[in-house]
Amino acid sequence: MTILYNCRHSGDQYRITKFDSEMNPLSSYLCSLEECDCPRGPHPTCRHRQMLPKFIARQHVGDEWFLDFDRGGWVQMGPPEGVTMIVMDHPDRVVDVHNAIADAVGEPITTEQLDTAQFGKVLHERPTPPSHIKRRL
């Protein structure tokens, strides 16, 4: 079973997360070059403090690269299907967040928007429904 790790900024520290072969997170620890909140944190070193300089040297903090620590290699992974990545220091972050939420929950679409999305322009006007329906007797 391949175990992969990624590294993200978390304030003035780094968060190293461990993933199984199906990319399920198994554990996550805050660490710096001097300390770590993992069970081996009080010891002189731990694997997270050994990994951190590798992530920093390769400039793979906060990106799609994962470290296979046991084999010493790097794996590049794209974002998972159905996940929208948002850069929070981007000027359009509010718009990006709104669009991601709207896409996730399925914001209602008018028939004109649907026609425009499907055909590039509105091809026809939809007839208005009759206000009175004749009954047969």
# chains A, B, ... in the order shown; residues from 1 in each chain; ligands from 1
call {"tool": "residues_around", "arguments": {"residues": "segment 22-34 of chain A", "least_positions_apart": "4", "cutoff": "8 Å", "atoms": "only C-alpha atoms", "output": "ChimeraX atom specification"}}
result
/A:10,13-18,38,48-49,52-53
call {"tool": "write_last_selection", "arguments": {"atoms": "N, CA, C and O atoms", "output": "PDB file, in the first residue's frame"}}
result
ATOM      1  N   SER A  10      -0.227  26.577   7.107  1.00  0.00           N
ATOM      2  CA  SER A  10      -1.267  26.714   8.115  1.00  0.00           C
ATOM      3  C   SER A  10      -0.802  27.792   9.093  1.00  0.00           C
ATOM      4  O   SER A  10      -0.230  27.496  10.134  1.00  0.00           O
ATOM      5  N   GLN A  13       2.923  27.869  10.570  1.00  0.00           N
ATOM      6  CA  GLN A  13       3.402  26.486  10.564  1.00  0.00           C
ATOM      7  C   GLN A  13       2.984  25.816   9.258  1.00  0.00           C
ATOM      8  O   GLN A  13       2.380  26.441   8.384  1.00  0.00           O
ATOM      9  N   TYR A  14       3.281  24.551   9.144  1.00  0.00           N
ATOM     10  CA  TYR A  14       2.906  23.755   7.985  1.00  0.00           C
ATOM     11  C   TYR A  14       2.059  22.590   8.450  1.00  0.00           C
ATOM     12  O   TYR A  14       2.210  22.101   9.558  1.00  0.00           O
ATOM     13  N   ARG A  15       1.141  22.161   7.591  1.00  0.00           N
ATOM     14  CA  ARG A  15       0.323  20.989   7.894  1.00  0.00           C
ATOM     15  C   ARG A  15       0.697  19.893   6.916  1.00  0.00           C
ATOM     16  O   ARG A  15       0.558  20.048   5.711  1.00  0.00           O
ATOM     17  N   ILE A  16       1.187  18.779   7.447  1.00  0.00           N
ATOM     18  CA  ILE A  16       1.528  17.620   6.626  1.00  0.00           C
ATOM     19  C   ILE A  16       0.449  16.578   6.853  1.00  0.00           C
ATOM     20  O   ILE A  16       0.165  16.185   7.985  1.00  0.00           O
ATOM     21  N   THR A  17      -0.164  16.145   5.741  1.00  0.00           N
ATOM     22  CA  THR A  17      -1.281  15.205   5.797  1.00  0.00           C
ATOM     23  C   THR A  17      -0.877  13.906   5.120  1.00  0.00           C
ATOM     24  O   THR A  17      -0.273  13.913   4.047  1.00  0.00           O
ATOM     25  N   LYS A  18      -1.247  12.810   5.737  1.00  0.00           N
ATOM     26  CA  LYS A  18      -0.944  11.467   5.245  1.00  0.00           C
ATOM     27  C   LYS A  18      -2.183  10.901   4.546  1.00  0.00           C
ATOM     28  O   LYS A  18      -3.290  10.986   5.088  1.00  0.00           O
ATOM     29  N   CYS A  38       2.800  15.605  16.270  1.00  0.00           N
ATOM     30  CA  CYS A  38       2.564  14.165  16.114  1.00  0.00           C
ATOM     31  C   CYS A  38       3.003  13.445  17.397  1.00  0.00           C
ATOM     32  O   CYS A  38       3.630  14.055  18.277  1.00  0.00           O
ATOM     33  N   HIS A  48       7.788  13.820   9.940  1.00  0.00           N
ATOM     34  CA  HIS A  48       7.217  15.069   9.413  1.00  0.00           C
ATOM     35  C   HIS A  48       8.276  16.167   9.345  1.00  0.00           C
ATOM     36  O   HIS A  48       8.334  16.920   8.385  1.00  0.00           O
ATOM     37  N   ARG A  49       9.129  16.239  10.391  1.00  0.00           N
ATOM     38  CA  ARG A  49      10.220  17.212  10.382  1.00  0.00           C
ATOM     39  C   ARG A  49      11.306  16.821   9.384  1.00  0.00           C
ATOM     40  O   ARG A  49      12.066  17.660   8.935  1.00  0.00           O
ATOM     41  N   LEU A  52       9.502  18.009   5.867  1.00  0.00           N
ATOM     42  CA  LEU A  52       9.279  19.436   5.659  1.00  0.00           C
ATOM     43  C   LEU A  52      10.376  20.121   4.846  1.00  0.00           C
ATOM     44  O   LEU A  52      10.063  20.838   3.883  1.00  0.00           O
ATOM     45  N   PRO A  53      11.674  19.904   5.125  1.00  0.00           N
ATOM     46  CA  PRO A  53      12.698  20.541   4.294  1.00  0.00           C
ATOM     47  C   PRO A  53      12.633  20.096   2.823  1.00  0.00           C
ATOM     48  O   PRO A  53      12.953  20.872   1.921  1.00  0.00           O
TER      49      PRO A  53
END
call {"tool": "closest_residue", "arguments": {"among": "A:Met1, A:Asn6, A:Gly73, A:Arg136", "to": "Ile56 of chain A", "atoms": "only C-alpha atoms"}}
result
A:Asn6
call {"tool": "atom_distance", "arguments": {"atom1": "atom CA of Asp12 of chain A", "atom2": "atom CA of Glu64 of chain A"}}
result
20.5 Å
call {"tool": "atom_distance", "arguments": {"atom1": "atom CA of Gln59 of chain A", "atom2": "atom CA of His43 of chain A"}}
result
26.5 Å
call {"tool": "decode", "arguments": {"residues": "segment 33-48 of chain A", "atoms": "N, CA, C and O atoms", "output": "PDB file, in the first residue's frame"}}
result
ATOM      1  N   LEU A  33      10.127  23.322  11.435  1.00  0.00           N
ATOM      2  CA  LEU A  33      11.416  22.641  11.384  1.00  0.00           C
ATOM      3  C   LEU A  33      11.880  22.205  12.775  1.00  0.00           C
ATOM      4  O   LEU A  33      12.677  21.283  12.907  1.00  0.00           O
ATOM      5  N   GLU A  34      11.345  22.844  13.822  1.00  0.00           N
ATOM      6  CA  GLU A  34      11.777  22.547  15.191  1.00  0.00           C
ATOM      7  C   GLU A  34      10.816  21.668  15.985  1.00  0.00           C
ATOM      8  O   GLU A  34      11.215  21.009  16.935  1.00  0.00           O
ATOM      9  N   GLU A  35       9.522  21.688  15.649  1.00  0.00           N
ATOM     10  CA  GLU A  35       8.556  20.957  16.465  1.00  0.00           C
ATOM     11  C   GLU A  35       7.439  20.381  15.611  1.00  0.00           C
ATOM     12  O   GLU A  35       7.221  20.805  14.478  1.00  0.00           O
ATOM     13  N   CYS A  36       6.734  19.397  16.185  1.00  0.00           N
ATOM     14  CA  CYS A  36       5.628  18.738  15.486  1.00  0.00           C
ATOM     15  C   CYS A  36       4.626  18.269  16.531  1.00  0.00           C
ATOM     16  O   CYS A  36       5.008  17.887  17.642  1.00  0.00           O
ATOM     17  N   ASP A  37       3.327  18.286  16.184  1.00  0.00           N
ATOM     18  CA  ASP A  37       2.326  17.843  17.155  1.00  0.00           C
ATOM     19  C   ASP A  37       1.957  16.361  16.982  1.00  0.00           C
ATOM     20  O   ASP A  37       0.956  15.905  17.511  1.00  0.00           O
ATOM     21  N   CYS A  38       2.800  15.605  16.270  1.00  0.00           N
ATOM     22  CA  CYS A  38       2.564  14.165  16.114  1.00  0.00           C
ATOM     23  C   CYS A  38       3.003  13.445  17.397  1.00  0.00           C
ATOM     24  O   CYS A  38       3.630  14.055  18.277  1.00  0.00           O
ATOM     25  N   PRO A  39       2.694  12.152  17.545  1.00  0.00           N
ATOM     26  CA  PRO A  39       3.101  11.428  18.760  1.00  0.00           C
ATOM     27  C   PRO A  39       4.614  11.430  19.008  1.00  0.00           C
ATOM     28  O   PRO A  39       5.056  11.364  20.146  1.00  0.00           O
ATOM     29  N   ARG A  40       5.427  11.536  17.940  1.00  0.00           N
ATOM     30  CA  ARG A  40       6.890  11.586  18.113  1.00  0.00           C
ATOM     31  C   ARG A  40       7.394  13.011  18.260  1.00  0.00           C
ATOM     32  O   ARG A  40       8.604  13.252  18.276  1.00  0.00           O
ATOM     33  N   GLY A  41       6.494  13.976  18.380  1.00  0.00           N
ATOM     34  CA  GLY A  41       6.864  15.378  18.486  1.00  0.00           C
ATOM     35  C   GLY A  41       7.878  15.698  19.570  1.00  0.00           C
ATOM     36  O   GLY A  41       8.802  16.478  19.339  1.00  0.00           O
ATOM     37  N   PRO A  42       7.766  15.114  20.787  1.00  0.00           N
ATOM     38  CA  PRO A  42       8.737  15.420  21.844  1.00  0.00           C
ATOM     39  C   PRO A  42      10.143  14.862  21.581  1.00  0.00           C
ATOM     40  O   PRO A  42      11.102  15.284  22.204  1.00  0.00           O
ATOM     41  N   HIS A  43      10.283  13.909  20.659  1.00  0.00           N
ATOM     42  CA  HIS A  43      11.587  13.316  20.356  1.00  0.00           C
ATOM     43  C   HIS A  43      12.418  14.281  19.503  1.00  0.00           C
ATOM     44  O   HIS A  43      11.895  15.239  18.944  1.00  0.00           O
ATOM     45  N   PRO A  44      13.710  14.004  19.379  1.00  0.00           N
ATOM     46  CA  PRO A  44      14.583  14.899  18.610  1.00  0.00           C
ATOM     47  C   PRO A  44      14.132  15.102  17.159  1.00  0.00           C
ATOM     48  O   PRO A  44      14.350  16.164  16.579  1.00  0.00           O
ATOM     49  N   THR A  45      13.522  14.083  16.558  1.00  0.00           N
ATOM     50  CA  THR A  45      13.027  14.233  15.183  1.00  0.00           C
ATOM     51  C   THR A  45      11.849  13.302  14.954  1.00  0.00           C
ATOM     52  O   THR A  45      11.582  12.400  15.737  1.00  0.00           O
ATOM     53  N   CYS A  46      11.129  13.558  13.893  1.00  0.00           N
ATOM     54  CA  CYS A  46      10.028  12.702  13.446  1.00  0.00           C
ATOM     55  C   CYS A  46      10.021  12.753  11.927  1.00  0.00           C
ATOM     56  O   CYS A  46      10.679  13.592  11.312  1.00  0.00           O
ATOM     57  N   ARG A  47       9.259  11.894  11.310  1.00  0.00           N
ATOM     58  CA  ARG A  47       9.264  11.868   9.850  1.00  0.00           C
ATOM     59  C   ARG A  47       8.698  13.148   9.253  1.00  0.00           C
ATOM     60  O   ARG A  47       9.099  13.564   8.177  1.00  0.00           O
ATOM     61  N   HIS A  48       7.788  13.820   9.940  1.00  0.00           N
ATOM     62  CA  HIS A  48       7.217  15.069   9.413  1.00  0.00           C
ATOM     63  C   HIS A  48       8.276  16.167   9.345  1.00  0.00           C
ATOM     64  O   HIS A  48       8.334  16.920   8.385  1.00  0.00           O
TER      65      HIS A  48
END
